[in-house]
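For reference, the structure is listed below as structure tokens.
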Amino acid sequence: MYRIIKKRALNPTVTLMEIEAPLVARKAEPGQFIILRVDADGERIPLTIADYNRETGSVTIIFQIVGGTTEKLNHKEEGEFIQDFVGPLGRATETEGLKRVAVIGGGVGTAIAYPVAKKLHDVGCHVDLIVGFRNKDLIILKEEFEAASTNLIIGTDDGSYGKKALVTDLLREQIEAGAKYDKVIAIGPVIMMKFVCMLTKEFDIPTVVSMNPIMIDGTGMCGGCRLSVGGETKFACVDGPEFDGHKVDFDEAMARGAMYRDFELKAREETCNLFKQEVK
Amino acid sequence: MPNMSLKKNPMPHQDPVVRAGNFQEVALGYTKEQAVDEAQRCLHCKNMPCVSGCPVQIKIPEFIAKVAEGDFEAAYQIIAQDSALPAVCGRVCPQESQCEAKCVRGIKGEPVGIGRLERFVADWHNANVSEKSAAPASNGHKVAVIGSGPSGLTCAGDLARKGYEVTVYEALHLAGGVLVYGIPEFRLPKSIVQKEVDGLKELGVKIETNAVIGRSITIDELMDEFKFEAVFIGSGAGLPMFMHIPGENLKGVYSANEFLTRINLMKAYRDGADTPIMPLQGKKVAVVGGGNVAMDAARCSKRLGADVYIVYRRSEAELPARAEEVEHAKEEGIVFKTLTNPVEILGYNNPEDKRDPKNGSVNGLKCVEMELGEPDASGRRRPIVKEGSEFEMEMDCVIMALGTSPNPLIKSTTKGLEINRRGGIIVNEDGLTSREAVYAGGDAVTGAATVILAMGAGKTAAKAIDEYLQKK
């Protein structure tokens, strides 16, 4: 059992939790992920590590409530426990030798972009952190982003904060204004990563994306997380989760990601109803 | 005077029609009377050919003699000297190619039902004897075991009984390895595995789940920081193979590992389960492959309400699955398309509507017919494509059961650990790897094999570790 040390709602559907997990914290690196189960009959879900503290032995996760499991997780409070928490899994982000990088985050993916930006910024890299949200109310981690970047650019879909622009537009502006990037790192919805990659291909900038497909064991055993990269089948859990964005088959990844969408929506609804009954 | 019946006492089974709709155990086990009657078929040959067929050399005629006398606990104690998991092996061992293949009664008629008797004895013991095995006094030596499958559990048990302080590290949230994620409930009830694991805990074995060795902790750290004096690697052969044909990443294509893990470990077949599985009621499922894992995946699909086809490129005679599993699958209505090989998985695509949720889902399987040519390196006749034989089958789901290879996680994070061409860890006859004090066994060494071979490797390594640490 793993204790929830801290819980904070970042916006109505995104929550931050700090979990006591010394075995994970001792090795965690930006770009890696964990798998958790909320309770004894729970499903295993992967979540990317948002932060970690080796001294206190804690790991921070940030999740969006999308299905039954994240709904249940969000009902857990500080001091309570979750059943299982295993990691760190996957490969860490490669940050060596980079001078100037654009880190692109979309929605809850910005939470995963954060530790990557922070690590790059800590080692003296010039980091343009470009984050996009649907509207002002959904903006998360603004102070953290500021501290982890040389230049923070926030855009919203409706213009309620910052520029009314998609992250791809904001990135294009920077490139056209003369920013020379060694690398672009894009983390967010698959569709966003796809369009970022189309743009960077145009300018021939190496681009890394962080894939978060459906997964069970996270150790290479099930192959459920497989995707096509440069015509080869790769497992996100052991070969990734980060891949060369110019080689990933995003359309296939999107279709595979939607495999259990009906189930997830129904599970979330049922879980919500259960909690409502408890309140009564 | 022995029982000279040419036939084994038949195993009582759940009716095929009934069992194809539930996940309860198919084989029900002998009654006392059947067991005693079957035991009396043993001729007690002096040279004991059956024992030479057993990878862990259980004293088969001795335990059978006790069964014939009706002293089932004595029979159990004889088996327990050599086997750590008799209730498991009595169910999943391929006896027909091991002990029973050597049985003299099998020359004219059927061999003695050794596996059935082993299962009976183990089940009788579990139901009637409640022993609390006390943890032996510690000898002060610490050993780490990686993986809680058959080899790891056996190695841990043998060492714990000798007083070693053993910690088993398991990557998943539940101990048992392939016994819990791979083999379905209807072949091996999970309560049996749990009982074995609980027995180890009583012996003082610590089981750390959610620990991925190679990621959370490396083998070097286990020895340098955690002060383990020896390590046994029993991490299994977890990596699923694919055919690398077009369409393999469509929605509705599973590796058998994923499919079985969802069902066995995550209980996705139960109503209200948190883990989803594709709804298969009334759907068509093709399982590609002919081994035991293919049979398990096919029979699980059947239980989820599907029409199921086994697609296998050689002929029925070459099916690597146990004859009993093939027979059970057939009884349950699974169709065998042998001498058939898939060349492409076909997918649905609606060009009118890019947002059609069915886009990218399996809707067929393109295959070719095969014929058998000259024997290949494996000694089996090589399947050759029949020219112009391409045809399509309608399908909603395709499960790839082509085998697995050893997990590279430990290899890639352990310096100086030598592996062979197929990814298996190289060991000597004692199970010692190229690293001092690091031993390995089971599928991590051999590639996918059987429970009993893995158990045997765990035993061998436990003995070698004991000798090594006593000399140190």
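Ordering of the structure tokens sets the chain letters (A, B, ...), residue numbers begin anew at 1 in every chain, and ligands are numbered from 1 in the order given.
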Which residues are close to Gly272 in chain B, i.e. within 12 Å by only C-alpha atoms, leaving aside same-chain residues fewer than 2 positions away? Reply as a ChimeraX atom specification. /A:41-43,68,263,266-268,270-271 /B:266-270,274-277
Contact set, chain B to chain A: 6 Å, only C-alpha atoms, as an NGL selection string: :B and (210 or 216 or 238-239 or 251 or 257-258 or 274-275)
Please, could you write that set of residues out with N, CA and C atoms as a PDB file, in the first residue's frame?
```
ATOM      1  N   ASN B 210       5.394  -5.492  -7.007  1.00  0.00           N
ATOM      2  CA  ASN B 210       5.627  -4.141  -7.563  1.00  0.00           C
ATOM      3  C   ASN B 210       7.100  -3.754  -7.579  1.00  0.00           C
ATOM      4  N   SER B 216      13.704  -0.503 -10.792  1.00  0.00           N
ATOM      5  CA  SER B 216      13.701   0.038  -9.422  1.00  0.00           C
ATOM      6  C   SER B 216      15.039  -0.254  -8.740  1.00  0.00           C
ATOM      7  N   GLY B 238       8.847 -13.463 -21.070  1.00  0.00           N
ATOM      8  CA  GLY B 238       7.608 -12.680 -21.125  1.00  0.00           C
ATOM      9  C   GLY B 238       7.336 -11.969 -22.423  1.00  0.00           C
ATOM     10  N   LEU B 239       8.297 -11.872 -23.314  1.00  0.00           N
ATOM     11  CA  LEU B 239       8.122 -10.992 -24.477  1.00  0.00           C
ATOM     12  C   LEU B 239       7.363 -11.666 -25.608  1.00  0.00           C
ATOM     13  N   LYS B 251      -6.968  -2.494 -34.227  1.00  0.00           N
ATOM     14  CA  LYS B 251      -7.739  -2.717 -33.005  1.00  0.00           C
ATOM     15  C   LYS B 251      -8.364  -4.105 -33.086  1.00  0.00           C
ATOM     16  N   ASN B 257      -0.427 -13.122 -24.633  1.00  0.00           N
ATOM     17  CA  ASN B 257      -0.062 -12.632 -23.301  1.00  0.00           C
ATOM     18  C   ASN B 257      -0.999 -11.536 -22.823  1.00  0.00           C
ATOM     19  N   GLU B 258      -1.274 -10.572 -23.705  1.00  0.00           N
ATOM     20  CA  GLU B 258      -2.158  -9.477 -23.293  1.00  0.00           C
ATOM     21  C   GLU B 258      -3.569 -10.014 -23.025  1.00  0.00           C
ATOM     22  N   ASP B 274     -12.865  -3.856 -13.536  1.00  0.00           N
ATOM     23  CA  ASP B 274     -12.316  -2.541 -13.880  1.00  0.00           C
ATOM     24  C   ASP B 274     -11.520  -2.582 -15.176  1.00  0.00           C
ATOM     25  N   THR B 275     -10.959  -3.761 -15.495  1.00  0.00           N
ATOM     26  CA  THR B 275     -10.116  -3.886 -16.684  1.00  0.00           C
ATOM     27  C   THR B 275     -10.968  -4.326 -17.870  1.00  0.00           C
TER      28      THR B 275
END
```
How far is it from CA of Thr167 in chain B to CA of Asn420 in chain B, in Å with one decimal? 27.5 Å
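Considering only range 64-308 of chain B, backbone DSSP assigns strand (DSSP E) to Lys142, Val143, Ala144, Val145, Ile146, Glu165, Val166, Thr167, Val168, Tyr169, Lys206, Ile207, Glu208, Ala230, Val231, Phe232, Ile233, Leu239, Pro240, Val253, Tyr254, Ser255, Lys284, Val285, Ala286, Val287, Val288, Asp307 and Val308 of chain B.
Residues with any atom within 9 Å of Ala464 in chain B, counting only C-alpha atoms and excluding same-chain neighbours fewer than 2 positions away, are Asp430, Gly431, Leu432, Tyr439, Lys459, Thr460, Ala461, Ala462, Asp466, Glu467, Tyr468 and Leu469 of chain B.
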Expected file: the selected residues, C-alpha atoms, as a CSV table (one decimal), in the first residue's frame:
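part28.csv, freshly written:
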```
chain,number,residue,atom,x,y,z
B,430,ASP,CA,24.4,-25.7,-11.6
B,431,GLY,CA,22.4,-22.7,-13.0
B,432,LEU,CA,25.4,-20.3,-12.4
B,439,TYR,CA,22.2,-17.9,-10.8
B,459,LYS,CA,15.8,-26.8,-7.4
B,460,THR,CA,19.2,-27.2,-9.1
B,461,ALA,CA,20.0,-23.5,-8.5
B,462,ALA,CA,18.9,-23.7,-4.8
B,466,ASP,CA,23.4,-23.5,-0.8
B,467,GLU,CA,26.7,-25.2,-1.6
B,468,TYR,CA,28.3,-21.9,-2.7
B,469,LEU,CA,27.3,-20.0,0.4
```
According to DSSP computed on the backbone, where in range 247-343 of chain B is there alpha helix (DSSP H)? Give the residues as a VMD selection string. chain B and resid 256 to 260 292 to 303 323 to 331
Nearest-residue call for Ser58 in chain A, choices A:Asp169, A:Tyr2, A:Gly230, A:Gly105, using only C-alpha atoms: A:Tyr2
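Shortest atom-to-atom contact with Pro213 in chain A among A:Ile153, A:Leu47, A:Ile62, A:Val101: A:Leu47, counting only C-alpha atoms.
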From the list B:Leu117, B:Met223, B:Leu6, B:Val212, which residue is nearest Gly147 in chain B when using only C-alpha atoms? B:Val212
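The coordinates place CA of His246 in chain A at 27.3 Å from CA of Glu352 in chain B.
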Please indicate the distance in Å from CA of Glu55 in chain A to CA of Ala21 in chain A, rounded to one decimal place. 11.2 Å
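Using only C-alpha atoms, the smallest distance between any of A:Glu78, A:Gly132, A:Met1, A:Leu152 and Lys164 in chain A comes from A:Gly132.
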Contact residues around Thr95 in chain A with only C-alpha atoms at 12 Å, ignoring same-chain residues under 6 positions, as a PDB file with N, CA and C atoms, in the first residue's frame:
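Result went into selection-v6.pdb, see below:
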```pdb
ATOM      1  N   GLU A  29      13.438   9.221 -13.189  1.00  0.00           N
ATOM      2  CA  GLU A  29      14.015  10.270 -14.019  1.00  0.00           C
ATOM      3  C   GLU A  29      12.902  10.849 -14.894  1.00  0.00           C
ATOM      4  N   PRO A  30      13.057  12.114 -15.336  1.00  0.00           N
ATOM      5  CA  PRO A  30      12.040  12.693 -16.231  1.00  0.00           C
ATOM      6  C   PRO A  30      11.841  11.817 -17.466  1.00  0.00           C
ATOM      7  N   GLY A  31      10.604  11.681 -17.876  1.00  0.00           N
ATOM      8  CA  GLY A  31      10.298  10.888 -19.062  1.00  0.00           C
ATOM      9  C   GLY A  31       9.832   9.493 -18.710  1.00  0.00           C
ATOM     10  N   VAL A 101      16.159  24.141 -26.593  1.00  0.00           N
ATOM     11  CA  VAL A 101      15.083  23.181 -26.824  1.00  0.00           C
ATOM     12  C   VAL A 101      13.730  23.858 -26.672  1.00  0.00           C
ATOM     13  N   VAL A 103      10.096  22.890 -25.510  1.00  0.00           N
ATOM     14  CA  VAL A 103       9.289  21.832 -24.903  1.00  0.00           C
ATOM     15  C   VAL A 103       7.831  22.235 -25.077  1.00  0.00           C
ATOM     16  N   PRO A 115       8.637  18.134 -15.833  1.00  0.00           N
ATOM     17  CA  PRO A 115       9.921  17.625 -15.326  1.00  0.00           C
ATOM     18  C   PRO A 115      11.007  17.599 -16.395  1.00  0.00           C
ATOM     19  N   VAL A 116      10.589  17.420 -17.651  1.00  0.00           N
ATOM     20  CA  VAL A 116      11.557  17.396 -18.750  1.00  0.00           C
ATOM     21  C   VAL A 116      12.161  18.792 -18.911  1.00  0.00           C
ATOM     22  N   ALA A 117      11.282  19.820 -18.906  1.00  0.00           N
ATOM     23  CA  ALA A 117      11.746  21.202 -19.028  1.00  0.00           C
ATOM     24  C   ALA A 117      12.653  21.553 -17.845  1.00  0.00           C
ATOM     25  N   LYS A 118      12.231  21.122 -16.664  1.00  0.00           N
ATOM     26  CA  LYS A 118      12.979  21.443 -15.448  1.00  0.00           C
ATOM     27  C   LYS A 118      14.394  20.870 -15.510  1.00  0.00           C
ATOM     28  N   LYS A 119      14.482  19.612 -15.927  1.00  0.00           N
ATOM     29  CA  LYS A 119      15.797  18.984 -15.975  1.00  0.00           C
ATOM     30  C   LYS A 119      16.708  19.699 -16.979  1.00  0.00           C
ATOM     31  N   LEU A 120      16.149  20.021 -18.145  1.00  0.00           N
ATOM     32  CA  LEU A 120      16.931  20.717 -19.167  1.00  0.00           C
ATOM     33  C   LEU A 120      17.369  22.085 -18.649  1.00  0.00           C
ATOM     34  N   HIS A 121      16.433  22.776 -18.020  1.00  0.00           N
ATOM     35  CA  HIS A 121      16.705  24.109 -17.501  1.00  0.00           C
ATOM     36  C   HIS A 121      17.787  24.044 -16.421  1.00  0.00           C
ATOM     37  N   ASP A 122      17.712  23.038 -15.562  1.00  0.00           N
ATOM     38  CA  ASP A 122      18.693  22.855 -14.482  1.00  0.00           C
ATOM     39  C   ASP A 122      20.110  22.665 -15.012  1.00  0.00           C
ATOM     40  N   VAL A 123      20.236  22.018 -16.175  1.00  0.00           N
ATOM     41  CA  VAL A 123      21.585  21.780 -16.694  1.00  0.00           C
ATOM     42  C   VAL A 123      22.038  22.915 -17.636  1.00  0.00           C
ATOM     43  N   GLY A 124      21.282  24.006 -17.637  1.00  0.00           N
ATOM     44  CA  GLY A 124      21.732  25.195 -18.352  1.00  0.00           C
ATOM     45  C   GLY A 124      21.280  25.307 -19.790  1.00  0.00           C
ATOM     46  N   CYS A 125      20.348  24.492 -20.176  1.00  0.00           N
ATOM     47  CA  CYS A 125      19.826  24.562 -21.538  1.00  0.00           C
ATOM     48  C   CYS A 125      18.824  25.718 -21.641  1.00  0.00           C
ATOM     49  N   HIS A 126      18.795  26.380 -22.790  1.00  0.00           N
ATOM     50  CA  HIS A 126      17.788  27.416 -23.039  1.00  0.00           C
ATOM     51  C   HIS A 126      16.467  26.709 -23.373  1.00  0.00           C
ATOM     52  N   VAL A 127      15.472  26.890 -22.516  1.00  0.00           N
ATOM     53  CA  VAL A 127      14.205  26.176 -22.708  1.00  0.00           C
ATOM     54  C   VAL A 127      13.070  27.134 -23.046  1.00  0.00           C
ATOM     55  N   ASP A 182      17.844  22.744 -31.106  1.00  0.00           N
ATOM     56  CA  ASP A 182      18.512  21.456 -31.315  1.00  0.00           C
ATOM     57  C   ASP A 182      17.463  20.353 -31.360  1.00  0.00           C
ATOM     58  N   LYS A 183      16.398  20.598 -30.603  1.00  0.00           N
ATOM     59  CA  LYS A 183      15.390  19.552 -30.485  1.00  0.00           C
ATOM     60  C   LYS A 183      14.071  20.148 -30.029  1.00  0.00           C
ATOM     61  N   VAL A 184      12.985  19.533 -30.466  1.00  0.00           N
ATOM     62  CA  VAL A 184      11.665  19.873 -29.948  1.00  0.00           C
ATOM     63  C   VAL A 184      11.144  18.634 -29.219  1.00  0.00           C
ATOM     64  N   ILE A 185      10.622  18.846 -28.015  1.00  0.00           N
ATOM     65  CA  ILE A 185      10.052  17.726 -27.254  1.00  0.00           C
ATOM     66  C   ILE A 185       8.570  18.015 -27.061  1.00  0.00           C
ATOM     67  N   VAL A 208      11.061  14.815 -30.456  1.00  0.00           N
ATOM     68  CA  VAL A 208      10.769  13.652 -29.633  1.00  0.00           C
ATOM     69  C   VAL A 208       9.350  13.790 -29.093  1.00  0.00           C
TER      70      VAL A 208
END
```
Just the residues within 12 Å of Gln64 in chain A, please, counting only C-alpha atoms, with nothing from its chain fewer than 2 positions along; format it as a PyMOL selection string. chain A and resi 9-17+47-48+61-62+66-74+107-112+138+140+188-189
Within 12 Å of Arg116 in chain B using only C-alpha atoms, minus same-chain residues under 4 positions, as a compact mmCIF listing (two decimals) with C-alpha atoms, in the first residue's frame:
```txt
# COMPACT_ATOMS: atom_id res chain seq x y z
CA LYS B 8 -6.82 -45.45 -17.40
CA ASN B 9 -9.62 -44.56 -15.07
CA PRO B 10 -11.19 -41.71 -17.02
CA MET B 11 -10.91 -38.24 -15.51
CA PRO B 12 -14.28 -36.81 -14.52
CA ALA B 27 -11.10 -31.59 -14.91
CA LEU B 28 -12.72 -32.46 -11.61
CA GLY B 29 -10.19 -34.91 -10.20
CA TYR B 30 -10.35 -38.57 -9.16
CA THR B 31 -12.42 -39.80 -6.25
CA LYS B 32 -10.63 -41.87 -3.59
CA GLN B 34 -10.82 -44.10 -8.64
CA ALA B 35 -7.39 -43.15 -7.31
CA VAL B 36 -6.90 -46.43 -5.48
CA GLU B 38 -5.80 -46.47 -10.84
CA ALA B 39 -2.85 -46.87 -8.45
CA ILE B 64 1.66 -44.81 -6.13
CA VAL B 67 -2.06 -44.46 -2.89
CA PRO B 86 2.50 -31.04 -6.89
CA ALA B 87 -1.02 -29.59 -7.12
CA VAL B 88 0.21 -27.41 -9.99
CA CYS B 89 2.27 -30.05 -11.80
CA GLY B 90 -0.44 -32.69 -11.47
CA ARG B 91 -2.56 -30.34 -13.57
CA VAL B 92 -0.23 -28.73 -16.10
CA CYS B 93 2.70 -31.14 -16.63
CA PRO B 94 2.84 -32.80 -20.07
CA GLN B 95 2.88 -36.28 -18.49
CA GLU B 96 2.19 -37.94 -21.83
CA CYS B 99 6.70 -40.01 -16.95
CA GLU B 100 3.70 -41.61 -18.65
CA PRO B 111 -0.05 -45.88 -19.19
CA VAL B 112 -0.84 -45.45 -15.51
CA PHE B 120 -5.33 -36.41 -6.45
CA VAL B 121 -2.67 -36.78 -3.76
CA ALA B 122 -1.87 -33.05 -3.68
CA ASP B 123 -5.56 -32.06 -3.57
```
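Taking only C-alpha atoms, the non-local environment of Ala317 in chain B within 12 Å (same-chain residues fewer than 4 positions away omitted) comprises Gly290, Tyr312, Arg313, Ala321, Arg322, Ala323, Val326, Thr338, Leu339, Leu372, Arg380 and Arg381 of chain B.
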Can I get the selection written as a CSV table (one decimal), in the first residue's frame, with all heavy atoms?
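File written: part_39.csv
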```csv
chain,number,residue,atom,x,y,z
B,290,GLY,N,-0.3,-23.0,-32.3
B,290,GLY,CA,-0.8,-24.4,-32.0
B,290,GLY,C,-0.3,-24.9,-30.6
B,290,GLY,O,-0.5,-26.1,-30.4
B,312,TYR,N,-3.3,-22.7,-37.7
B,312,TYR,CA,-2.0,-23.3,-37.5
B,312,TYR,C,-1.4,-23.7,-38.8
B,312,TYR,O,-2.1,-24.3,-39.6
B,312,TYR,CB,-2.1,-24.4,-36.5
B,312,TYR,CG,-0.8,-25.2,-36.2
B,312,TYR,CD1,0.2,-24.5,-35.6
B,312,TYR,CD2,-0.7,-26.5,-36.5
B,312,TYR,CE1,1.4,-25.1,-35.3
B,312,TYR,CE2,0.5,-27.2,-36.2
B,312,TYR,CZ,1.6,-26.5,-35.6
B,312,TYR,OH,2.7,-27.1,-35.3
B,313,ARG,N,-0.1,-23.4,-39.0
B,313,ARG,CA,0.5,-23.6,-40.3
B,313,ARG,C,0.9,-25.0,-40.6
B,313,ARG,O,1.1,-25.4,-41.8
B,313,ARG,CB,1.6,-22.7,-40.5
B,313,ARG,CG,2.8,-22.9,-39.6
B,313,ARG,CD,3.8,-21.8,-39.6
B,313,ARG,NE,4.9,-22.1,-38.7
B,313,ARG,CZ,6.2,-22.1,-39.1
B,313,ARG,NH1,6.5,-21.7,-40.3
B,313,ARG,NH2,7.1,-22.4,-38.3
B,321,ALA,N,0.7,-28.3,-28.7
B,321,ALA,CA,-0.1,-28.4,-27.5
B,321,ALA,C,-0.2,-29.8,-27.0
B,321,ALA,O,-0.1,-30.7,-27.8
B,321,ALA,CB,-1.5,-27.7,-27.7
B,322,ARG,N,-0.5,-30.0,-25.7
B,322,ARG,CA,-0.8,-31.3,-25.2
B,322,ARG,C,-2.0,-31.8,-25.9
B,322,ARG,O,-3.0,-31.1,-26.1
B,322,ARG,CB,-1.0,-31.2,-23.7
B,322,ARG,CG,0.1,-30.7,-22.9
B,322,ARG,CD,-0.2,-30.8,-21.4
B,322,ARG,NE,-0.5,-32.1,-21.0
B,322,ARG,CZ,-1.1,-32.4,-19.9
B,322,ARG,NH1,-1.5,-31.5,-19.0
B,322,ARG,NH2,-1.4,-33.7,-19.5
B,323,ALA,N,-2.0,-33.2,-26.1
B,323,ALA,CA,-3.2,-33.8,-26.8
B,323,ALA,C,-4.4,-33.5,-26.0
B,323,ALA,O,-5.5,-33.3,-26.6
B,323,ALA,CB,-2.9,-35.3,-26.9
B,326,VAL,N,-5.9,-30.1,-26.7
B,326,VAL,CA,-6.5,-30.1,-28.1
B,326,VAL,C,-7.9,-30.8,-28.0
B,326,VAL,O,-8.8,-30.2,-28.6
B,326,VAL,CB,-5.6,-30.8,-29.1
B,326,VAL,CG1,-6.2,-30.9,-30.5
B,326,VAL,CG2,-4.2,-30.1,-29.2
B,338,THR,N,-6.0,-26.1,-39.7
B,338,THR,CA,-4.6,-26.5,-39.7
B,338,THR,C,-4.1,-26.3,-41.2
B,338,THR,O,-5.0,-26.1,-42.1
B,338,THR,CB,-4.4,-27.9,-39.3
B,338,THR,OG1,-5.3,-28.8,-40.0
B,338,THR,CG2,-4.6,-28.1,-37.8
B,339,LEU,N,-2.8,-26.4,-41.4
B,339,LEU,CA,-2.2,-26.1,-42.7
B,339,LEU,C,-2.7,-24.8,-43.3
B,339,LEU,O,-3.0,-24.7,-44.5
B,339,LEU,CB,-2.5,-27.3,-43.6
B,339,LEU,CG,-1.7,-28.6,-43.3
B,339,LEU,CD1,-2.2,-29.8,-44.0
B,339,LEU,CD2,-0.2,-28.4,-43.5
B,372,LEU,N,2.9,-29.9,-46.3
B,372,LEU,CA,4.1,-30.3,-45.6
B,372,LEU,C,5.2,-30.8,-46.6
B,372,LEU,O,4.9,-31.7,-47.4
B,372,LEU,CB,3.8,-31.3,-44.5
B,372,LEU,CG,2.9,-30.8,-43.4
B,372,LEU,CD1,2.7,-31.9,-42.4
B,372,LEU,CD2,3.6,-29.5,-42.7
B,380,ARG,N,10.5,-31.5,-37.7
B,380,ARG,CA,9.1,-31.6,-38.2
B,380,ARG,C,9.1,-31.2,-39.7
B,380,ARG,O,9.9,-30.5,-40.2
B,380,ARG,CB,8.2,-30.6,-37.4
B,380,ARG,CG,8.2,-30.9,-35.9
B,380,ARG,CD,7.3,-29.9,-35.2
B,380,ARG,NE,7.9,-28.6,-35.2
B,380,ARG,CZ,7.4,-27.6,-34.6
B,380,ARG,NH1,6.2,-27.7,-34.0
B,380,ARG,NH2,8.0,-26.4,-34.6
B,381,ARG,N,8.1,-31.7,-40.4
B,381,ARG,CA,8.0,-31.4,-41.8
B,381,ARG,C,7.7,-29.9,-42.1
B,381,ARG,O,6.8,-29.3,-41.5
B,381,ARG,CB,7.0,-32.3,-42.5
B,381,ARG,CG,7.4,-33.7,-42.5
B,381,ARG,CD,6.3,-34.6,-43.1
B,381,ARG,NE,6.1,-34.3,-44.5
B,381,ARG,CZ,5.0,-34.8,-45.1
B,381,ARG,NH1,4.1,-35.5,-44.5
B,381,ARG,NH2,4.8,-34.5,-46.4
```
